[in-house]
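Encoded as structure tokens, the structure appears first; notes follow it.
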Amino acid sequence: MWTAYWTTSPRTGELRTEPGRDPGDGEALVRTLRSGVSRGTEMLVHAGAVPPEVAATMRAPFQEGDLPGPVKYGYLSVGVVEEGPDELVGRRVFCLFPHQDRYVVPVTALTPVPDDVPSDRAVLAGTVETAVNALWDAAPRLGDRVAVVGAGMVGGAVAALLRTFPLDRLQLVDVDPARAELARALGVDWVHPDDAAGECDLVVHCSTSEQGLARGLELLGDEGELIEMSWYGTRTPRVPLGGPFHARRLSVRASQVGAVAAARRARRTTADRLALAMRLLADPALDAFLTSRSAFADLPAAMERLYAGTGSPLCHVVVYPEGA
């Protein structure tokens, strides 16, 4: 029997068992070592706050059940292949699979984890992949002045990648002073929104707040562009398109990981993008995103703690019994 985590109703989940099966041709059996929970989409799922009109769009690749629930949801899983093609048996892999101790998937759904990427850090692959796509959308240029507004998982990952670009200025903007610790670990400047520098060529907005979006637009120089990465669930944020928005010829453009950015779509697949993200995870500074851990058996309680808790958690790592 296999065990999986299900969201059964708003702010309630449980572990359920189900029959296992052997892999068929072109499939592999994976034993999970770690999985990851971020405070973004998964907390919306936990709260039952995914709008019905986008529930189909927000389906995870191997989701079972329908939003708002009961539903088996998740997309950050790292495990070891127990059965399958000879070249994969015994290798660690990443898969966009929910929280479950064993599973069978097509081999094409697996991305090998490089030897220099620890299993805990490997759960960040989905988040780093989102950041890669955002930067393909944003296309920062040499000497740009850039602000990333919102220092959560996605915003922090975007800043982590941007710090390797030849920019004139990069600021990670957040209202939470605790995010200064993340910025220090990444080697980038943290600033409060009130103190952020203006005249930006590019702003990447990830705060999921009206205030952050408005401040991001204020930080742009004339004809600057804001890349909107926040997803608001059931909320409908107000966007300040009055005042000088048109006179300054500002732009707002969405970035979403569901499709490869248009600038690379003809030459990159989603598998190429994820493989790139996995290679980028060789950077040990990204361990700063791993802020809490729990055992798989404790996941129902841990989900509610993450939702209702205090502090500034980023990625929560779930440790499975045989991977401890």
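In the structure tokens, each chain is lettered A, B, ... as it comes, each chain's residues begin at 1, and ligands are numbered from 1 in order of appearance.
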
Name all residues at most 8 Å from A:Gly152 (count only C-alpha atoms; drop same-chain ones fewer than 5 positions away) and give them as an mmCIF file with N, CA and C atoms, in the first residue's frame.
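Below is the file out.cif, written as the result:
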data_model
loop_
_atom_site.group_PDB
_atom_site.id
_atom_site.type_symbol
_atom_site.label_atom_id
_atom_site.label_comp_id
_atom_site.auth_asym_id
_atom_site.auth_seq_id
_atom_site.Cartn_x
_atom_site.Cartn_y
_atom_site.Cartn_z
ATOM 1 N N CYS A 206 6.076 40.139 -7.079
ATOM 2 C CA CYS A 206 5.757 38.812 -6.542
ATOM 3 C C CYS A 206 5.133 38.881 -5.158
ATOM 4 N N SER A 207 4.626 40.044 -4.731
ATOM 5 C CA SER A 207 4.167 40.188 -3.352
ATOM 6 C C SER A 207 2.743 39.719 -3.123
ATOM 7 N N LEU A 314 9.536 29.987 4.253
ATOM 8 C CA LEU A 314 9.616 29.922 2.805
ATOM 9 C C LEU A 314 9.247 28.518 2.354
#

Any chance you could tabulate, as a Markdown table, the residues of stretch 93-156 of chain A at most 12 Å from stretch 291-309 of chain A with each one's nearest atom pair and distance in Å to one decimal, using only C-alpha atoms, in chain and rising number order?
| residue | atom | partner | partner_atom | distance |
| --- | --- | --- | --- | --- |
| A:His99 | CA | A:Phe296 | CA | 8.3 |
| A:Gln100 | CA | A:Phe296 | CA | 8.6 |
| A:Asp101 | CA | A:Phe296 | CA | 8.3 |
| A:Asp120 | CA | A:Arg293 | CA | 9.6 |
| A:Arg121 | CA | A:Thr291 | CA | 11.1 |
| A:Leu124 | CA | A:Thr291 | CA | 12.0 |
| A:Gly152 | CA | A:Thr291 | CA | 11.6 |
| A:Met153 | CA | A:Thr291 | CA | 10.7 |

(request) Please identify all polymer residues within 10 Å of stretch 127-135 of chain A, counting only C-alpha atoms, omitting same-chain residues fewer than 5 positions from it, and present them as an MDAnalysis selection string. (result) chainID A and resid 38 75:76 122 140 153:162 204 227:229 254:264 270 272:278 280:281 286 315

(message) Please extract the residues of stretch 22-115 of chain A with a backbone DSSP assignment of strand (DSSP E) and present them as a PyMOL selection string.
(response) chain A and resi 27-37+64-65+71-72+77-83+92-95+102-106+111-112

Once you have the residues from the selection above, write them out as a compact mmCIF listing (two decimals), in the first residue's frame, restricted to N, CA and C atoms.
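Final output, saved to selection20.txt:
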# COMPACT_ATOMS: atom_id res chain seq x y z
N GLU A 27 7.62 3.34 -17.77
CA GLU A 27 7.30 3.90 -16.45
C GLU A 27 8.40 3.56 -15.44
N ALA A 28 8.34 4.23 -14.30
CA ALA A 28 9.29 3.98 -13.22
C ALA A 28 8.56 4.06 -11.88
N LEU A 29 9.01 3.24 -10.93
CA LEU A 29 8.53 3.30 -9.55
C LEU A 29 9.52 4.13 -8.75
N VAL A 30 9.00 5.18 -8.09
CA VAL A 30 9.83 6.11 -7.33
C VAL A 30 9.49 6.01 -5.85
N ARG A 31 10.51 5.89 -5.01
CA ARG A 31 10.34 5.97 -3.56
C ARG A 31 10.74 7.39 -3.13
N THR A 32 9.82 8.08 -2.49
CA THR A 32 10.05 9.49 -2.17
C THR A 32 11.03 9.66 -1.02
N LEU A 33 11.94 10.60 -1.20
CA LEU A 33 12.87 10.99 -0.15
C LEU A 33 12.44 12.29 0.53
N ARG A 34 12.07 13.26 -0.28
CA ARG A 34 11.65 14.57 0.20
C ARG A 34 10.53 15.10 -0.69
N SER A 35 9.69 15.95 -0.13
CA SER A 35 8.81 16.78 -0.94
C SER A 35 8.79 18.16 -0.31
N GLY A 36 8.33 19.14 -1.08
CA GLY A 36 8.36 20.51 -0.60
C GLY A 36 7.00 21.15 -0.61
N VAL A 37 6.76 22.05 0.34
CA VAL A 37 5.53 22.83 0.43
C VAL A 37 5.94 24.30 0.47
N GLU A 64 -4.99 14.24 -8.18
CA GLU A 64 -6.18 13.39 -8.17
C GLU A 64 -7.27 14.13 -7.41
N GLY A 65 -8.51 13.97 -7.84
CA GLY A 65 -9.60 14.73 -7.28
C GLY A 65 -9.64 16.12 -7.90
N VAL A 71 -8.78 16.53 -2.63
CA VAL A 71 -7.83 16.59 -3.72
C VAL A 71 -6.44 16.20 -3.23
N LYS A 72 -5.73 15.45 -4.05
CA LYS A 72 -4.32 15.15 -3.81
C LYS A 72 -3.52 16.14 -4.65
N SER A 77 8.53 16.98 -5.63
CA SER A 77 8.85 15.67 -5.06
C SER A 77 10.22 15.21 -5.55
N VAL A 78 11.01 14.71 -4.62
CA VAL A 78 12.34 14.16 -4.92
C VAL A 78 12.39 12.74 -4.38
N GLY A 79 12.79 11.80 -5.21
CA GLY A 79 12.85 10.42 -4.77
C GLY A 79 13.95 9.65 -5.48
N VAL A 80 13.97 8.36 -5.25
CA VAL A 80 14.94 7.48 -5.89
C VAL A 80 14.17 6.42 -6.68
N VAL A 81 14.63 6.12 -7.87
CA VAL A 81 13.96 5.14 -8.72
C VAL A 81 14.28 3.73 -8.24
N GLU A 82 13.23 2.97 -7.88
CA GLU A 82 13.42 1.60 -7.41
C GLU A 82 13.26 0.58 -8.54
N GLU A 83 12.37 0.87 -9.48
CA GLU A 83 12.16 -0.01 -10.63
C GLU A 83 11.95 0.84 -11.86
N ARG A 92 18.55 9.46 -8.07
CA ARG A 92 17.59 10.42 -7.53
C ARG A 92 16.96 11.21 -8.69
N VAL A 93 15.68 11.49 -8.53
CA VAL A 93 14.93 12.20 -9.57
C VAL A 93 13.99 13.22 -8.94
N PHE A 94 13.64 14.23 -9.73
CA PHE A 94 12.62 15.20 -9.34
C PHE A 94 11.39 14.96 -10.19
N CYS A 95 10.20 15.11 -9.56
CA CYS A 95 8.94 14.92 -10.28
C CYS A 95 7.90 15.90 -9.74
N ARG A 102 5.33 6.61 -2.33
CA ARG A 102 5.77 5.90 -3.53
C ARG A 102 4.78 6.20 -4.65
N TYR A 103 5.27 6.16 -5.89
CA TYR A 103 4.38 6.40 -7.01
C TYR A 103 5.01 5.87 -8.30
N VAL A 104 4.15 5.63 -9.27
CA VAL A 104 4.58 5.21 -10.60
C VAL A 104 4.20 6.31 -11.58
N VAL A 105 5.16 6.72 -12.40
CA VAL A 105 4.92 7.77 -13.40
C VAL A 105 5.67 7.41 -14.68
N PRO A 106 5.30 8.03 -15.78
CA PRO A 106 6.09 7.86 -17.00
C PRO A 106 7.52 8.35 -16.79
N THR A 111 13.07 14.08 -13.85
CA THR A 111 14.28 14.83 -14.15
C THR A 111 15.37 14.38 -13.19
N PRO A 112 16.47 13.81 -13.68
CA PRO A 112 17.54 13.38 -12.79
C PRO A 112 18.09 14.54 -11.96

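The shell of residues at most 9 Å from A:Asp115, with only C-alpha atoms counted and near chain neighbours (fewer than 2 positions) removed, consists of Arg92, Val113, Val117, Pro118 and Ala282 of chain A.
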
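Atom CA of A:Val203 to atom CA of A:Val148 spans 5.8 Å [interatomic distance, one decimal].
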
(message) My list of candidates is A:Val252, A:Ala185, A:Val317, A:Ala47. Which is closest to A:Asp283 when distances are computed with only C-alpha atoms?
(response)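 Closest to A:Asp283 of all the choices is A:Ala185.
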
(request) Using only C-alpha atoms, find the one residue out of A:Leu182, A:Val149, A:Leu241, A:Val45 that sits nearest to A:Thr208. (result) A:Val149

(request) Please measure the separation of atom CA of A:Pro240 and atom CA of A:Ala214, giving the value in Å to one decimal. (result) 6.2 Å
